[in-house]
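**Student:** Have a peek at data-v5.pdb (PDB, C-alpha atoms).
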MODEL        1
ATOM      1  CA  MET M  48      26.954   7.199  -3.782  1.00  0.00           C
ATOM      2  CA  ARG M  49      23.933   5.270  -2.453  1.00  0.00           C
ATOM      3  CA  HIS M  50      20.727   5.121  -4.483  1.00  0.00           C
ATOM      4  CA  TRP M  51      17.492   3.165  -4.216  1.00  0.00           C
ATOM      5  CA  TYR M  52      16.607   0.585  -6.860  1.00  0.00           C
ATOM      6  CA  ALA M  53      13.601  -1.680  -7.396  1.00  0.00           C
ATOM      7  CA  VAL M  54      14.001  -5.447  -7.111  1.00  0.00           C
ATOM      8  CA  HIS M  55      11.622  -7.783  -8.962  1.00  0.00           C
ATOM      9  CA  CYS M  56      10.746 -10.878  -6.931  1.00  0.00           C
ATOM     10  CA  LYS M  57       9.407 -14.301  -7.801  1.00  0.00           C
ATOM     11  CA  PRO M  58       5.643 -14.820  -7.332  1.00  0.00           C
ATOM     12  CA  GLN M  59       4.628 -14.977  -3.651  1.00  0.00           C
ATOM     13  CA  GLN M  60       8.282 -14.647  -2.577  1.00  0.00           C
ATOM     14  CA  ASP M  61       8.821 -10.941  -1.880  1.00  0.00           C
ATOM     15  CA  GLU M  62       8.983 -11.593   1.887  1.00  0.00           C
ATOM     16  CA  ARG M  63      11.558 -14.337   1.350  1.00  0.00           C
ATOM     17  CA  ALA M  64      13.589 -12.092  -0.962  1.00  0.00           C
ATOM     18  CA  GLU M  65      13.540  -9.326   1.655  1.00  0.00           C
ATOM     19  CA  THR M  66      14.786 -11.693   4.369  1.00  0.00           C
ATOM     20  CA  GLU M  67      17.530 -13.192   2.201  1.00  0.00           C
ATOM     21  CA  LEU M  68      18.784  -9.794   1.000  1.00  0.00           C
ATOM     22  CA  MET M  69      18.892  -8.518   4.582  1.00  0.00           C
ATOM     23  CA  LYS M  70      20.907 -11.608   5.612  1.00  0.00           C
ATOM     24  CA  GLN M  71      23.472 -10.572   2.987  1.00  0.00           C
ATOM     25  CA  GLY M  72      23.738  -7.101   4.556  1.00  0.00           C
ATOM     26  CA  PHE M  73      21.724  -5.121   2.018  1.00  0.00           C
ATOM     27  CA  GLU M  74      19.456  -2.270   3.149  1.00  0.00           C
ATOM     28  CA  VAL M  75      15.982  -3.291   1.983  1.00  0.00           C
ATOM     29  CA  PHE M  76      12.586  -1.617   2.229  1.00  0.00           C
ATOM     30  CA  ARG M  77       9.350  -3.496   1.469  1.00  0.00           C
ATOM     31  CA  PRO M  78       6.338  -1.320   2.321  1.00  0.00           C
ATOM     32  CA  ARG M  79       3.259  -3.207   3.489  1.00  0.00           C
ATOM     33  CA  VAL M  80      -0.448  -2.460   3.811  1.00  0.00           C
ATOM     34  CA  ARG M  81      -3.172  -4.006   5.901  1.00  0.00           C
ATOM     35  CA  ALA M  82      -5.828  -5.476   3.632  1.00  0.00           C
ATOM     36  CA  ARG M  83      -9.190  -6.908   4.611  1.00  0.00           C
ATOM     37  CA  ARG M  84      -9.472 -10.319   2.949  1.00  0.00           C
ATOM     38  CA  ARG M  85     -12.174 -12.936   3.063  1.00  0.00           C
ATOM     39  CA  ILE M  86     -10.808 -16.197   4.407  1.00  0.00           C
ATOM     40  CA  GLY M  87     -13.489 -18.878   4.462  1.00  0.00           C
ATOM     41  CA  GLN M  88     -16.640 -17.336   5.911  1.00  0.00           C
ATOM     42  CA  ARG M  89     -14.861 -14.515   7.762  1.00  0.00           C
ATOM     43  CA  TYR M  90     -13.033 -11.341   6.906  1.00  0.00           C
ATOM     44  CA  ARG M  91      -9.544 -10.982   8.343  1.00  0.00           C
ATOM     45  CA  VAL M  92      -6.977  -8.236   8.176  1.00  0.00           C
ATOM     46  CA  LYS M  93      -3.784  -9.448   6.513  1.00  0.00           C
ATOM     47  CA  VAL M  94      -0.496  -7.632   6.129  1.00  0.00           C
ATOM     48  CA  GLU M  95       0.530  -7.707   2.449  1.00  0.00           C
ATOM     49  CA  SER M  96       3.168  -6.073   0.281  1.00  0.00           C
ATOM     50  CA  MET M  97       2.081  -2.695  -1.013  1.00  0.00           C
ATOM     51  CA  PHE M  98       3.775  -3.560  -4.307  1.00  0.00           C
ATOM     52  CA  PRO M  99       3.451  -7.348  -4.734  1.00  0.00           C
ATOM     53  CA  ARG M 100       6.604  -8.884  -6.267  1.00  0.00           C
ATOM     54  CA  TYR M 101       8.651  -5.703  -5.714  1.00  0.00           C
ATOM     55  CA  LEU M 102      10.822  -4.208  -3.001  1.00  0.00           C
ATOM     56  CA  PHE M 103      13.407  -1.438  -2.765  1.00  0.00           C
ATOM     57  CA  ILE M 104      17.116  -1.900  -2.145  1.00  0.00           C
ATOM     58  CA  ALA M 105      19.770   0.735  -1.371  1.00  0.00           C
ATOM     59  CA  LEU M 106      22.991   0.164  -3.299  1.00  0.00           C
ATOM     60  CA  ASP M 107      26.292   2.014  -3.546  1.00  0.00           C
ATOM     61  CA  ASP M 108      27.154   2.733  -7.176  1.00  0.00           C
ATOM     62  CA  SER M 109      30.895   2.816  -6.708  1.00  0.00           C
ATOM     63  CA  ASP M 110      32.148  -0.070  -4.569  1.00  0.00           C
ATOM     64  CA  GLN M 111      29.309  -2.466  -3.719  1.00  0.00           C
ATOM     65  CA  ASP M 112      29.084  -5.886  -5.371  1.00  0.00           C
ATOM     66  CA  TRP M 113      25.616  -6.230  -6.923  1.00  0.00           C
ATOM     67  CA  SER M 114      26.135  -9.738  -8.355  1.00  0.00           C
ATOM     68  CA  PRO M 115      24.705 -11.691  -5.363  1.00  0.00           C
ATOM     69  CA  ILE M 116      21.307  -9.999  -5.821  1.00  0.00           C
ATOM     70  CA  ARG M 117      20.207 -11.969  -8.882  1.00  0.00           C
ATOM     71  CA  SER M 118      21.069 -15.337  -7.280  1.00  0.00           C
ATOM     72  CA  THR M 119      19.273 -14.553  -4.000  1.00  0.00           C
ATOM     73  CA  ARG M 120      16.342 -16.809  -3.144  1.00  0.00           C
ATOM     74  CA  GLY M 121      13.061 -15.183  -4.100  1.00  0.00           C
ATOM     75  CA  VAL M 122      14.661 -12.599  -6.395  1.00  0.00           C
ATOM     76  CA  THR M 123      14.186 -12.466 -10.156  1.00  0.00           C
ATOM     77  CA  GLY M 124      16.550  -9.498 -10.587  1.00  0.00           C
ATOM     78  CA  LEU M 125      16.780  -5.742 -10.531  1.00  0.00           C
ATOM     79  CA  VAL M 126      14.089  -3.878 -12.467  1.00  0.00           C
ATOM     80  CA  ARG M 127      15.537  -2.752 -15.783  1.00  0.00           C
ATOM     81  CA  MET M 128      14.543  -0.446 -18.606  1.00  0.00           C
ATOM     82  CA  GLY M 129      16.361  -1.859 -21.554  1.00  0.00           C
ATOM     83  CA  GLY M 130      19.919  -2.390 -20.333  1.00  0.00           C
ATOM     84  CA  CYS M 131      19.693   0.345 -17.709  1.00  0.00           C
ATOM     85  CA  VAL M 132      18.784  -0.086 -14.026  1.00  0.00           C
ATOM     86  CA  PRO M 133      16.760   3.058 -13.191  1.00  0.00           C
ATOM     87  CA  VAL M 134      17.193   4.805  -9.849  1.00  0.00           C
ATOM     88  CA  VAL M 135      14.107   5.134  -7.635  1.00  0.00           C
ATOM     89  CA  PRO M 136      14.112   8.738  -6.343  1.00  0.00           C
ATOM     90  CA  SER M 137      15.004   8.736  -2.650  1.00  0.00           C
ATOM     91  CA  ALA M 138      12.144  11.195  -2.069  1.00  0.00           C
ATOM     92  CA  VAL M 139       9.703   8.416  -3.038  1.00  0.00           C
ATOM     93  CA  VAL M 140      11.223   5.926  -0.594  1.00  0.00           C
ATOM     94  CA  ASP M 141      11.508   8.600   2.123  1.00  0.00           C
ATOM     95  CA  ALA M 142       7.840   9.552   1.691  1.00  0.00           C
ATOM     96  CA  LEU M 143       6.769   5.917   1.970  1.00  0.00           C
ATOM     97  CA  ARG M 144       8.989   5.347   5.013  1.00  0.00           C
ATOM     98  CA  ALA M 145       7.580   8.452   6.712  1.00  0.00           C
ATOM     99  CA  ARG M 146       4.077   6.935   6.533  1.00  0.00           C
ATOM    100  CA  THR M 147       4.998   3.523   7.955  1.00  0.00           C
ATOM    101  CA  ASP M 148       4.451   2.158  11.433  1.00  0.00           C
ATOM    102  CA  ALA M 149       6.604  -0.378  13.330  1.00  0.00           C
ATOM    103  CA  GLU M 150       5.613  -3.216  10.946  1.00  0.00           C
ATOM    104  CA  ASN M 151       6.445  -1.124   7.843  1.00  0.00           C
ATOM    105  CA  CYS M 152       2.679  -0.891   7.235  1.00  0.00           C
ATOM    106  CA  ILE M 153       1.284   2.164   5.511  1.00  0.00           C
ATOM    107  CA  ASP M 154      -2.181   3.336   6.502  1.00  0.00           C
ATOM    108  CA  MET M 155      -4.229   3.385   3.301  1.00  0.00           C
ATOM    109  CA  SER M 156      -7.501   4.433   4.912  1.00  0.00           C
ATOM    110  CA  PRO M 157      -9.009   7.623   3.508  1.00  0.00           C
ATOM    111  CA  ALA M 158      -8.052  10.796   5.337  1.00  0.00           C
ATOM    112  CA  ASP M 159     -11.574  12.261   5.379  1.00  0.00           C
ATOM    113  CA  GLY M 160     -12.179  10.894   8.876  1.00  0.00           C
ATOM    114  CA  PHE M 161     -15.856  10.014   8.495  1.00  0.00           C
ATOM    115  CA  ALA M 162     -17.079   7.636  11.181  1.00  0.00           C
ATOM    116  CA  PRO M 163     -20.381   5.712  11.348  1.00  0.00           C
ATOM    117  CA  ASN M 164     -23.305   7.922  12.409  1.00  0.00           C
ATOM    118  CA  ASP M 165     -21.511  11.215  11.598  1.00  0.00           C
ATOM    119  CA  ARG M 166     -24.009  13.759  10.311  1.00  0.00           C
ATOM    120  CA  VAL M 167     -23.143  14.759   6.742  1.00  0.00           C
ATOM    121  CA  MET M 168     -24.560  17.075   4.091  1.00  0.00           C
ATOM    122  CA  ILE M 169     -24.902  15.777   0.534  1.00  0.00           C
ATOM    123  CA  THR M 170     -23.183  18.378  -1.658  1.00  0.00           C
ATOM    124  CA  GLU M 171     -23.603  16.984  -5.175  1.00  0.00           C
ATOM    125  CA  GLY M 172     -26.138  15.181  -7.301  1.00  0.00           C
ATOM    126  CA  PRO M 173     -29.933  15.065  -7.156  1.00  0.00           C
ATOM    127  CA  LEU M 174     -29.930  14.743  -3.347  1.00  0.00           C
ATOM    128  CA  ALA M 175     -27.722  17.825  -2.794  1.00  0.00           C
ATOM    129  CA  GLY M 176     -28.816  19.782   0.272  1.00  0.00           C
ATOM    130  CA  PHE M 177     -30.153  16.787   2.202  1.00  0.00           C
ATOM    131  CA  GLU M 178     -28.648  15.819   5.558  1.00  0.00           C
ATOM    132  CA  ALA M 179     -27.817  12.168   6.145  1.00  0.00           C
ATOM    133  CA  LEU M 180     -25.892   9.861   8.462  1.00  0.00           C
ATOM    134  CA  PHE M 181     -22.625   8.385   7.280  1.00  0.00           C
ATOM    135  CA  ALA M 182     -22.994   4.582   7.349  1.00  0.00           C
ATOM    136  CA  ALA M 183     -19.930   3.072   5.685  1.00  0.00           C
ATOM    137  CA  ARG M 184     -17.348   3.283   2.922  1.00  0.00           C
ATOM    138  CA  ASN M 185     -17.587   0.538   0.330  1.00  0.00           C
ATOM    139  CA  SER M 186     -14.555   1.619  -1.721  1.00  0.00           C
ATOM    140  CA  GLN M 187     -12.152   4.537  -2.114  1.00  0.00           C
ATOM    141  CA  GLU M 188     -14.702   6.248  -4.355  1.00  0.00           C
ATOM    142  CA  ARG M 189     -18.071   5.353  -2.819  1.00  0.00           C
ATOM    143  CA  VAL M 190     -19.790   5.852   0.540  1.00  0.00           C
ATOM    144  CA  VAL M 191     -23.069   4.628   1.990  1.00  0.00           C
ATOM    145  CA  VAL M 192     -25.256   7.129   3.832  1.00  0.00           C
ATOM    146  CA  LEU M 193     -28.587   6.786   5.598  1.00  0.00           C
ATOM    147  CA  LEU M 194     -31.108   9.294   4.342  1.00  0.00           C
ATOM    148  CA  ASN M 195     -34.086   9.175   6.693  1.00  0.00           C
ATOM    149  CA  LEU M 196     -35.122   5.553   6.083  1.00  0.00           C
ATOM    150  CA  ILE M 197     -33.556   5.172   2.661  1.00  0.00           C
ATOM    151  CA  ARG M 198     -30.067   3.757   2.164  1.00  0.00           C
ATOM    152  CA  VAL M 199     -28.298   5.529  -0.714  1.00  0.00           C
ATOM    153  CA  THR M 200     -24.830   4.969  -2.269  1.00  0.00           C
ATOM    154  CA  LEU M 201     -23.071   8.100  -3.590  1.00  0.00           C
ATOM    155  CA  PRO M 202     -19.661   9.165  -4.887  1.00  0.00           C
ATOM    156  CA  ALA M 203     -17.411   9.941  -1.886  1.00  0.00           C
ATOM    157  CA  HIS M 204     -16.817  13.544  -2.991  1.00  0.00           C
ATOM    158  CA  ALA M 205     -20.576  14.250  -2.953  1.00  0.00           C
ATOM    159  CA  ILE M 206     -20.793  14.711   0.844  1.00  0.00           C
ATOM    160  CA  THR M 207     -19.367  17.083   3.478  1.00  0.00           C
ATOM    161  CA  ARG M 208     -19.431  17.075   7.279  1.00  0.00           C
ATOM    162  CA  VAL M 209     -22.297  19.039   8.935  1.00  0.00           C
TER
ENDMDL
END
Re-express the file's structure as structure tokens.
**Tutor:**
Amino acid sequence: MRHWYAVHCKPQQDERAETELMKQGFEVFRPRVRARRRIGQRYRVKVESMFPRYLFIALDDSDQDWSPIRSTRGVTGLVRMGGCVPVVPSAVVDALRARTDAENCIDMSPADGFAPNDRVMITEGPLAGFEALFAARNSQERVVVLLNLIRVTLPAHAITRV
């Protein structure tokens, strides 16, 4: 029976490990995300592993030879808990795969859908009840809104669309 397992990779070599395992005929899944990184003076969007140094591999418990995995370039070995190699629930891998695009990238942007200049109502805190304009998101937890002529940073859950 086929199950998914986690593979631990050498530093900065998860892409190489994925390629080498695929060359050997293994089914491999390495989810990626697009991350905005500063390179020199500019910000660029880079595609990176969602789980650096890890990827998933589908293996047959009964008749597949697992021994080539540990000697594959870029691979440290299968993730173990004591002497046991734990199974990654297929529902986890299926859920990740369902959210990927053609490059195996998963969209990590918040699902609230706020866009610059959307009118919002502040719902929590000392400014509750004031209308503002959504300006930007500076993290998963914080947003920047324009309140008349004052720029204010609030928790993301403290606003709602007007």
**Student:** Would you pick out the contacts of Val199 of chain M at 12 Å or less, using all atoms listed in the file, so that residues sharing its chain but fewer than 5 positions from it are not included, and give the list as a PyMOL selection string?
**Tutor:** chain M and resi 169+172-174+177+179-185+189-194+205-206
**Student:** Give me the residues within 12 Å of Asp112 of chain M as a PyMOL selection string, counting only C-alpha atoms and dropping any in the same chain fewer than 6 places off.
**Tutor:** chain M and resi 71-73+106
**Student:** Can you tell me how far atom CA of Thr123 of chain M sits from atom CA of Val92 of chain M, in Å to one decimal?
**Tutor:**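 These two atoms are separated by 28.3 Å.
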**Student:** Leaving out segment 140-150 of chain M and any residue of its chain fewer than 2 positions from it, which residues lie within 12 Å of it when counting only C-alpha atoms, given as an MDAnalysis selection string?
**Tutor:** chainID M and resid 50:53 75:81 94:98 102:105 134:138 152:156
**Student:** Just give me the gap between atom CA of Val126 of chain M and atom CA of Val54 of chain M in Å, one decimal is fine.
**Tutor:**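 Interatomic distance here is 5.6 Å.
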**Student:** Would you work out the distance separating atom CA of Lys70 of chain M from atom CA of Met48 of chain M, expressed in Å to one decimal?
**Tutor:** 21.9 Å
**Student:** Which polymer residues have any atom within 7 Å of an atom of segment 59-62 of chain M, counting only C-alpha atoms, with same-chain residues fewer than 2 positions away left out, as a list in words?
**Tutor:**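 My list of contacting residues is Cys56, Lys57, Ala64, Glu65, Thr66, Arg100, Tyr101 and Gly121 of chain M.
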**Student:** Could you list as a list in words every residue that has an atom within 7 Å of (-23.5, 21.6, 7.3), using the file's coordinates and counting only C-alpha atoms?
**Tutor:**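 Those within range, by chain then number, are Val167, Met168, Arg208 and Val209 of chain M.
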**Student:** My list of candidates is M:Ala82, M:Leu68, M:Ala203, M:Ala175. Which is closest to Ser118 of chain M when distances are computed with only C-alpha atoms?
**Tutor:**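 Smallest separation from Ser118 of chain M among the options: M:Leu68.
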**Student:** Return the single residue from M:Glu74, M:Met69, M:Arg127, M:Asp110 that is closest to His55 of chain M, with distances computed using only C-alpha atoms.
**Tutor:**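 Nearest candidate to His55 of chain M out of M:Glu74, M:Met69, M:Arg127, M:Asp110: M:Arg127.
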**Student:** Using the file's own x, y and z axes, what box holds all listed atoms of segment 74-82 of chain M with 6 Å on each side, keeping edges along x, y and z, and what are its centre and edge lengths in Å to one decimal, as AutoDock Vina command-line options?
**Tutor:**
--center_x 6.8 --center_y -3.4 --center_z 3.7 --size_x 37.3 --size_y 16.2 --size_z 16.4
